[in-house]
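Written below as structure tokens is the structure these notes are about.
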Amino acid sequence: MTALDLRGVGMIFNEGAANEVTALENIDVVIEPGEFVSLIGPSGCGKSTLLRLVGDLLQPTSGEITVNGKPPARARLDRDYGMVFQSATLLDWRTVLDNVALPLEIMDIPRHQREETAREMLELVQLGGFADHHPYELSGGMQQRVAIARALSFRPSLLLMDEPFGALDEMTRERMQMELLAIWRETQTTVVFVTHSIPEAVFLSTRVVVMSPRPGRVSELIETDLAQPRVFETREEPGFYEMLTRLRESLRKVDES
Amino acid sequence: MKASLRTTVSFVVTVAALVLLWEGYKAIGQATGGVWPGTSMNLPVRTNERSMPHVWDIVGSLFAPARRGGEDILLVILVRAALWTWRSALIGFVVGSFVGFGLGVLFVRSLLAERGLMPYVVASQAVPVLAIAPIVVVWSGRLAFPNWVPIAVISAYLAFYPVAINTLRGLRSPEATSMELMRSYAASPGQVLWKLQIPASLPYLFPALKISASASVIGAIVGELPAGFPQGLGRAILSFASSFSSAPEKLFASVLVSAMLGLFFVGLISLIERWTVPAAMRLREDPAIETGAIPRPAAVTA
């Protein structure tokens, strides 16, 4: 069964009104379980909108989306999605542990069990020692790690990430990319990752979906066949540079069209 | 500890500055015969003993028997009156706050309710409380309620508004992505309310509660005036106002005690805020609170 199947998906905002905008048109993408797929494209290409359609935060105006063989609304109710946004959006009145446990609390998991799971997740993102801190005591990178732990806490099959490292400095960002890949290998979660960074897309993904703007369309699907697991040195390999060039060329075509 | 010391020092300095200003102005006026020094322009407020008694006379009057041959000193009488007034104000404050909070929750859940009711909520504060008070008193007299009931109703009438407006602001304060996350967990509307919106609203709620606390005291004092209940501060202010020419310091003393009651109440709310809302979450500045038509005591004597 495919993890995610998009067929002819289109999204028109304010349909029929004067300010009608076609955000997405005729999107066809199939993602297999365990893939790490990045969506990349210039702003206005609808990559965040596409992520929200998959996550049932928006409903498409045409086409069909299937998540693990189900419609997105069903998948959301089955808690198939873990979401991470650019801002960590942690709750300041809760400790780090209670933030990670929030989804479990909503799912009525008993306190003892949810605290145990939340602690495991904090270990996974290497924040085991910060369980009792409050979010405002943490750096931006640490906050984002808490957000990732929170998204993974209920073991969703699909991780939807919308520029999660967009607000971090370059060094923190590269470290977070390594950690994310380690988590991805360990949990075998399917990841859909929105980014506007070319090196980030190449380093993280098994496949990159290049999108063009106005209206948002898929312009190219690129396999990044760099060896797994990706390590620090991956970024220094000739193959990495070839992929960067390939992706940059593809994006330039998109920009010129 | 250091912060509390600074607060104490700044309080003492402020009070000293106010006393100095009062007495300084009075001294200038008396030296020049009531005109600005070196001019023939009258000072805006007369500086004689009737218009501006000495600070020590006002404070002194608090510790003198209120009536010739009376047993209790003025302070005791005023504090007793203040406590009576505070009981109504407190009940009105609690009721008004609950009503305001409930309206905020209703409005955030139902756009229809907000559209339909909000204009009336706003309009309610445009009606002068001085006009509402006698009506409430007359109605409740007919229903044979205890006499603090109408006073509490008038307090609640002033107290609910800031709470309603700011609860709504606070419930709407979480970022859109926080709401999207709750949706992705398939949280019920009740869970979103209790786990996200209500905790997020507390920093907005407390500044409103402070305004409501002082408004409820004003409401109670104003409410007592048309009712003519003898127990409260409203009556005390009224009777000292009528004997103003013979003992002005008593009126000033009762104003002082009224202000202290309001400050005490607001201080109490601040304490609860300190226990409830972590410092890092408190809003740096109070949100733009729509205070509505909170009447000023000055309007009462007009």
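Letters for chains follow the order of the structure tokens (A, B, ...), residue numbers begin at 1 for each chain, and ligand numbers begin at 1 in the order shown.
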Which residues of chain B have any atom within 9 Å of an atom in chain A when counting only C-alpha atoms, and what is the closest pair of atoms for each, with the distance in Å to one decimal? Order the rows by chain and rising number and write it as a Markdown table.
```
| residue | atom | partner | partner_atom | distance |
| --- | --- | --- | --- | --- |
| B:Pro174 | CA | A:Thr89 | CA | 8.9 |
| B:Glu175 | CA | A:Thr89 | CA | 7.5 |
| B:Thr177 | CA | A:Thr89 | CA | 7.0 |
| B:Ser178 | CA | A:Thr89 | CA | 6.0 |
| B:Glu180 | CA | A:Leu57 | CA | 6.8 |
| B:Leu181 | CA | A:Met83 | CA | 6.8 |
| B:Met182 | CA | A:Pro103 | CA | 8.0 |
| B:Arg183 | CA | A:Leu57 | CA | 7.6 |
| B:Ser184 | CA | A:Arg76 | CA | 6.0 |
| B:Tyr185 | CA | A:Pro103 | CA | 6.0 |
| B:Ala186 | CA | A:Leu77 | CA | 5.4 |
| B:Ala187 | CA | A:Ile106 | CA | 6.1 |
| B:Ser188 | CA | A:Ile106 | CA | 8.4 |
| B:Gln191 | CA | A:Ile106 | CA | 7.0 |
| B:Lys195 | CA | A:Leu102 | CA | 8.6 |
| B:Leu196 | CA | A:Leu91 | CA | 7.8 |
| B:Pro199 | CA | A:Trp93 | CA | 7.5 |
| B:Ala200 | CA | A:Trp93 | CA | 8.3 |
| B:Val277 | CA | A:Trp93 | CA | 8.0 |
| B:Pro278 | CA | A:Trp93 | CA | 7.1 |
| B:Ala280 | CA | A:Tyr136 | CA | 7.5 |
| B:Met281 | CA | A:Asp92 | CA | 6.9 |
```
**Request:** Write out as a PyMOL selection string which residues come within 8 Å of stretch 206-210 of chain A when counting only C-alpha atoms, dropping same-chain ones fewer than 4 positions away.
**Result:** chain A and resi 35-41+201-202+218-225+250-251
Pick out the residues sitting within 9 Å of B:Leu268, and hand them over as a PDB file with N, CA and C atoms, in the first residue's frame; count only C-alpha atoms, and ignore anything fewer than 5 positions along from it in its own chain.
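Result went into result_8.pdb, see below:
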```pdb
ATOM      1  N   LYS B 210      -8.242  42.932  36.856  1.00  0.00           N
ATOM      2  CA  LYS B 210      -7.840  44.077  37.692  1.00  0.00           C
ATOM      3  C   LYS B 210      -8.726  45.276  37.417  1.00  0.00           C
ATOM      4  N   LEU B 263      -7.529  49.697  45.598  1.00  0.00           N
ATOM      5  CA  LEU B 263      -6.131  49.252  45.464  1.00  0.00           C
ATOM      6  C   LEU B 263      -5.927  47.876  46.090  1.00  0.00           C
ATOM      7  N   GLU B 273      -2.657  36.402  40.255  1.00  0.00           N
ATOM      8  CA  GLU B 273      -1.996  36.328  38.947  1.00  0.00           C
ATOM      9  C   GLU B 273      -0.588  35.764  39.107  1.00  0.00           C
TER      10      GLU B 273
END
```
**Item:** Nearby residues (only C-alpha atoms) at most 12 Å from stretch 117-124 of chain B, same-chain spacing under 4 positions excluded, as a PyMOL selection string
**Value:** chain B and resi 99-100+103-104+106-108+110-113+128-129+131-132+154+156-165+168+290-294
Keeping N, CA and C atoms, export the residues of the selection given above as a tab-separated table (two decimals), in the first residue's frame.
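Done, and the output landed in part_14.tsv:
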```
chain	number	residue	atom	x	y	z
B	99	VAL	N	-19.75	35.73	34.19
B	99	VAL	CA	-20.60	36.05	33.03
B	99	VAL	C	-19.71	36.49	31.87
B	100	GLY	N	-18.73	37.36	32.15
B	100	GLY	CA	-17.85	37.86	31.09
B	100	GLY	C	-17.05	36.74	30.46
B	103	LEU	N	-19.29	34.63	28.33
B	103	LEU	CA	-19.58	35.29	27.05
B	103	LEU	C	-18.39	35.14	26.10
B	104	GLY	N	-17.17	35.30	26.63
B	104	GLY	CA	-15.97	35.16	25.81
B	104	GLY	C	-15.90	33.77	25.18
B	106	LEU	N	-18.42	31.69	24.75
B	106	LEU	CA	-19.54	31.56	23.80
B	106	LEU	C	-19.18	32.21	22.46
B	107	PHE	N	-18.59	33.40	22.54
B	107	PHE	CA	-18.28	34.15	21.31
B	107	PHE	C	-17.20	33.46	20.49
B	108	VAL	N	-16.22	32.85	21.17
B	108	VAL	CA	-15.14	32.21	20.41
B	108	VAL	C	-15.64	30.92	19.76
B	110	SER	N	-18.93	30.50	18.81
B	110	SER	CA	-20.03	30.76	17.89
B	110	SER	C	-19.94	32.17	17.32
B	111	LEU	N	-19.60	32.22	16.05
B	111	LEU	CA	-19.53	33.51	15.37
B	111	LEU	C	-20.90	34.18	15.35
B	112	LEU	N	-21.93	33.33	15.25
B	112	LEU	CA	-23.30	33.84	15.22
B	112	LEU	C	-23.63	34.56	16.53
B	113	ALA	N	-23.26	33.94	17.65
B	113	ALA	CA	-23.51	34.56	18.95
B	113	ALA	C	-22.74	35.87	19.06
B	128	PRO	N	-25.15	55.08	31.20
B	128	PRO	CA	-24.52	55.52	32.45
B	128	PRO	C	-25.00	54.67	33.63
B	129	VAL	N	-24.05	54.21	34.43
B	129	VAL	CA	-24.41	53.35	35.56
B	129	VAL	C	-25.27	54.13	36.54
B	131	ALA	N	-27.68	55.91	35.86
B	131	ALA	CA	-29.08	55.78	35.44
B	131	ALA	C	-29.60	54.38	35.71
B	132	ILE	N	-28.70	53.40	35.57
B	132	ILE	CA	-29.09	52.00	35.78
B	132	ILE	C	-29.35	51.74	37.27
B	154	ILE	N	-25.22	45.81	40.25
B	154	ILE	CA	-24.64	46.97	39.58
B	154	ILE	C	-23.12	46.78	39.41
B	156	ALA	N	-21.59	43.89	39.13
B	156	ALA	CA	-21.41	42.88	38.09
B	156	ALA	C	-21.60	43.50	36.71
B	157	TYR	N	-22.52	44.45	36.63
B	157	TYR	CA	-22.81	45.12	35.36
B	157	TYR	C	-21.57	45.84	34.83
B	158	LEU	N	-20.79	46.42	35.73
B	158	LEU	CA	-19.56	47.09	35.31
B	158	LEU	C	-18.41	46.11	35.13
B	159	ALA	N	-18.44	45.01	35.90
B	159	ALA	CA	-17.28	44.10	35.93
B	159	ALA	C	-17.22	43.16	34.74
B	160	PHE	N	-18.37	42.79	34.16
B	160	PHE	CA	-18.35	41.71	33.17
B	160	PHE	C	-17.69	42.13	31.86
B	161	TYR	N	-17.79	43.42	31.54
B	161	TYR	CA	-17.40	43.86	30.19
B	161	TYR	C	-15.91	43.68	29.88
B	162	PRO	N	-15.02	44.24	30.71
B	162	PRO	CA	-13.59	44.04	30.37
B	162	PRO	C	-13.22	42.56	30.31
B	163	VAL	N	-13.83	41.76	31.18
B	163	VAL	CA	-13.51	40.33	31.20
B	163	VAL	C	-13.98	39.67	29.91
B	164	ALA	N	-15.20	40.01	29.46
B	164	ALA	CA	-15.72	39.41	28.22
B	164	ALA	C	-14.82	39.73	27.04
B	165	ILE	N	-14.46	41.00	26.89
B	165	ILE	CA	-13.68	41.43	25.74
B	165	ILE	C	-12.30	40.78	25.75
B	168	LEU	N	-12.18	36.95	25.19
B	168	LEU	CA	-12.29	36.67	23.75
B	168	LEU	C	-10.95	36.87	23.05
B	290	GLU	N	-10.46	47.48	26.28
B	290	GLU	CA	-11.53	48.45	26.06
B	290	GLU	C	-12.24	48.63	27.39
B	291	THR	N	-12.00	49.77	28.00
B	291	THR	CA	-12.50	49.94	29.36
B	291	THR	C	-13.97	50.32	29.37
B	292	GLY	N	-14.50	50.74	28.24
B	292	GLY	CA	-15.91	51.09	28.21
B	292	GLY	C	-16.18	52.31	29.05
B	293	ALA	N	-17.41	52.44	29.47
B	293	ALA	CA	-17.80	53.65	30.18
B	293	ALA	C	-17.73	53.41	31.68
B	294	ILE	N	-16.53	53.25	32.19
B	294	ILE	CA	-16.40	53.12	33.64
B	294	ILE	C	-16.54	54.53	34.23
```
Go through stretch 127-245 of chain A residue by residue and, counting only C-alpha atoms, keep those with an atom at most 12 Å from stretch 44-50 of chain A; for each kept residue give the shortest atom pair and its distance in Å to one decimal, ordered by chain and increasing number, as a tab-separated table.
```
residue	atom	partner	partner_atom	distance
A:Leu160	CA	A:Ser48	CA	10.0
A:Met161	CA	A:Ser48	CA	9.2
A:Asp162	CA	A:Ser48	CA	6.5
A:Glu163	CA	A:Ser48	CA	8.7
A:Pro164	CA	A:Ser48	CA	11.6
A:Val192	CA	A:Leu50	CA	10.2
A:Phe193	CA	A:Lys47	CA	9.4
A:Val194	CA	A:Lys47	CA	6.5
A:Thr195	CA	A:Lys47	CA	8.5
A:His196	CA	A:Lys47	CA	9.6
A:Val208	CA	A:Lys47	CA	12.0
A:Val209	CA	A:Lys47	CA	9.5
A:Val210	CA	A:Cys45	CA	9.5
A:Met211	CA	A:Cys45	CA	6.0
A:Ser212	CA	A:Cys45	CA	5.4
A:Pro213	CA	A:Cys45	CA	3.7
A:Arg214	CA	A:Cys45	CA	6.3
A:Pro215	CA	A:Cys45	CA	6.8
A:Gly216	CA	A:Cys45	CA	4.4
A:Arg217	CA	A:Cys45	CA	7.2
A:Val218	CA	A:Cys45	CA	9.1
A:Ser219	CA	A:Cys45	CA	10.4
```
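Near B:Thr85, within 7 Å and counting only C-alpha atoms, sit Ala81, Ala82, Leu83, Arg87, Ser88, Ala89, Ala220, Ile221, Gly232 and Leu233 of chain B, not including residues fewer than 2 positions from it in the same chain.
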Residues just named, written with C-alpha atoms as a PDB file, in the first residue's frame:
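Result file follows (part39.pdb):
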```pdb
ATOM      1  CA  ALA B  81     -18.327  50.790  55.606  1.00  0.00           C
ATOM      2  CA  ALA B  82     -15.637  49.733  53.118  1.00  0.00           C
ATOM      3  CA  LEU B  83     -16.002  46.097  54.133  1.00  0.00           C
ATOM      4  CA  ARG B  87     -18.883  42.386  50.115  1.00  0.00           C
ATOM      5  CA  SER B  88     -21.302  43.557  47.404  1.00  0.00           C
ATOM      6  CA  ALA B  89     -18.432  44.498  45.103  1.00  0.00           C
ATOM      7  CA  ALA B 220     -20.921  49.311  44.448  1.00  0.00           C
ATOM      8  CA  ILE B 221     -20.287  52.832  45.731  1.00  0.00           C
ATOM      9  CA  GLY B 232     -21.702  51.384  52.893  1.00  0.00           C
ATOM     10  CA  LEU B 233     -19.021  53.766  51.682  1.00  0.00           C
TER      11      LEU B 233
END
```
**Request:** Could you please write out, as a count of residues only, every residue of stretch 15-132 of chain A that DSSP assigns to helix (DSSP H, G or I)?
**Result:** 42
**Asked** Which neighbours of B:Ile272 fall inside 12 Å, counting only C-alpha atoms, when residues of the same chain fewer than 4 positions from it are skipped, and could you give them as a PyMOL selection string?
**Response** chain B and resi 202-203+205-207+209-210+265-268+276-278
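Coordinates place atom CA of B:Val257 at a distance of 20.8 Å from atom CA of B:Leu271.
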**Complete:** atom CA of B:Ile73 to atom CA of B:Trp22 measures 24.9 Å
**Request:** Give me the residues within 6 Å of B:Pro150 as number ranges by chain, counting only C-alpha atoms and dropping any in the same chain fewer than 3 places off.
**Result:** B: 136-137, 153
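Taking atom CA of A:Ala182 and atom CA of A:Thr245 as endpoints, the distance between them is 25.6 Å.
When only C-alpha atoms are used to measure the gap to B:Val105, the shortest distance among B:Trp139, B:Trp36, B:Trp194, B:Phe240 belongs to B:Trp194.
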